[in-house]
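Report on the structure given below.
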Amino acid sequence: MNHQNENMLDDELARLADTLINGESALPSAENQRLYEISQAVYQTINPTALPNGAFRLKLQKELIEAWQEEQQKRSSIITFIGIPAKRLWQGVGIAATIIVLVALGYLLSNTSTPEGQATTGTAMDSTALPFIGLIAIIFTGFTVFLWWKRRR
Amino acid sequence: MAENASDESLVHQAQQGNQEAFLTLYNRYLNKVYHRVKSRVPLTDVEDVTQEIFIAMVRSIRNFKGDSSLNTWLYTIVNRQIADYYRKKNRKKEPTIEENDDHWDVLTTNERSHDDEYTEIQNAIYHLPDHYREVILLRFADGLPFADIAHQRGQTLEATKSLYRRAIQAIRDMVDGA
């Protein structure tokens, strides 16, 4: 079969598909007869005129609303008593943690510096600094654990 | 909510948490998704699978980046959920008449014959290569004219019509056992 003939048959079958969708009758050529029958069967199987029924639509819509609300709660996870979205809160916590670590490091380094020419032995630290840093670490850890727990719920 | 808002606009609003925008998308795509599922899943399970698809859409719409059209993205979910459905059922060759119809025993001869053909065609559609199945579903399930399908696929109209014919021939070969 030559190329032109193939194109004509392609065109015809496509036109026949259009007539099926439009609910019109058609008379296919002998070459396309069987393919037209198959097209009809395919169209009837897909049957786009048979829409999902109203009860199913409503039931699914209800399910989706529930799933949507559940998802919104899970994702946005607003910390209500602070009123800050979780994403921003986590960003804030990250920045605060970095600052605390840097301040603590700076504090430690400034207290471990020794006069020029003297050897450094061990870690010299102002004894009043330890409870202060410990307290900050405990508060920060507690707050982080609380947020983590809140997010998981 | 404007029913005629674009998909992109509705997706954007849904990603911001607008439930109404999501429901508008749901109403817009329900029939198309339903028909796609119906062409590949036994009738008794069509509603369940359709439901799973939209629940998956709820869960992942925030991840939709807009790299492709919503259509394409959603049909990826459809394909994945249908594959999951068959994986769960542990059935590779789907569907079969015996498994398919719980009501088989009470069908009349005519109904059996119709169901038989339905299942046979469904089976064939299920086993078609993706590009063949897609052109058939775009024309019959989505109602897109061949010119639009050609545009969507980045093909000439002639190439699309030829693809459609080859897809129907492939189904014929499966049905007629060629």
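Convention: chains lettered A, B, ... in structure tokens order; per-chain residue numbering from 1; ligands numbered from 1 as shown.
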
Close residues, Asn5 of chain A itself excluded, 12 Å, only C-alpha atoms, min 6 positions apart in chain, as a CSV table (one decimal) with C-alpha atoms, in the first residue's frame:
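Once written, part10.csv looks like this:
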chain,number,residue,atom,x,y,z
A,11,ASP,CA,-7.8,10.5,7.4
A,12,GLU,CA,-10.9,8.4,7.0
A,31,GLU,CA,-10.2,-1.3,4.3
A,32,ASN,CA,-11.3,0.5,7.4
B,162,SER,CA,-1.6,8.0,11.7

Near chain B, meaning an atom within 7 Å, which residues of chain A appear when counting only C-alpha atoms? Write them as an MDAnalysis selection string. chainID A and resid 10:11 13:14 35 38:39 42:43 45:46 48 51:52 60 64 67:68 71:72

Correct to one decimal, the distance atom CA of Tyr107 of chain A-atom CA of Phe146 of chain A is 27.5 Å

What does the distance from atom CA of Asp176 of chain B to atom CA of Ala30 of chain A come to in Å, to one decimal?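 The value is 17.1 Å.
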
Find the residues around Thr144 of chain A up to 12 Å (only C-alpha atoms counted), leave out those fewer than 2 positions away in its own chain, and share them as a PyMOL selection string. chain A and resi 89-94+96-97+137-142+146-151
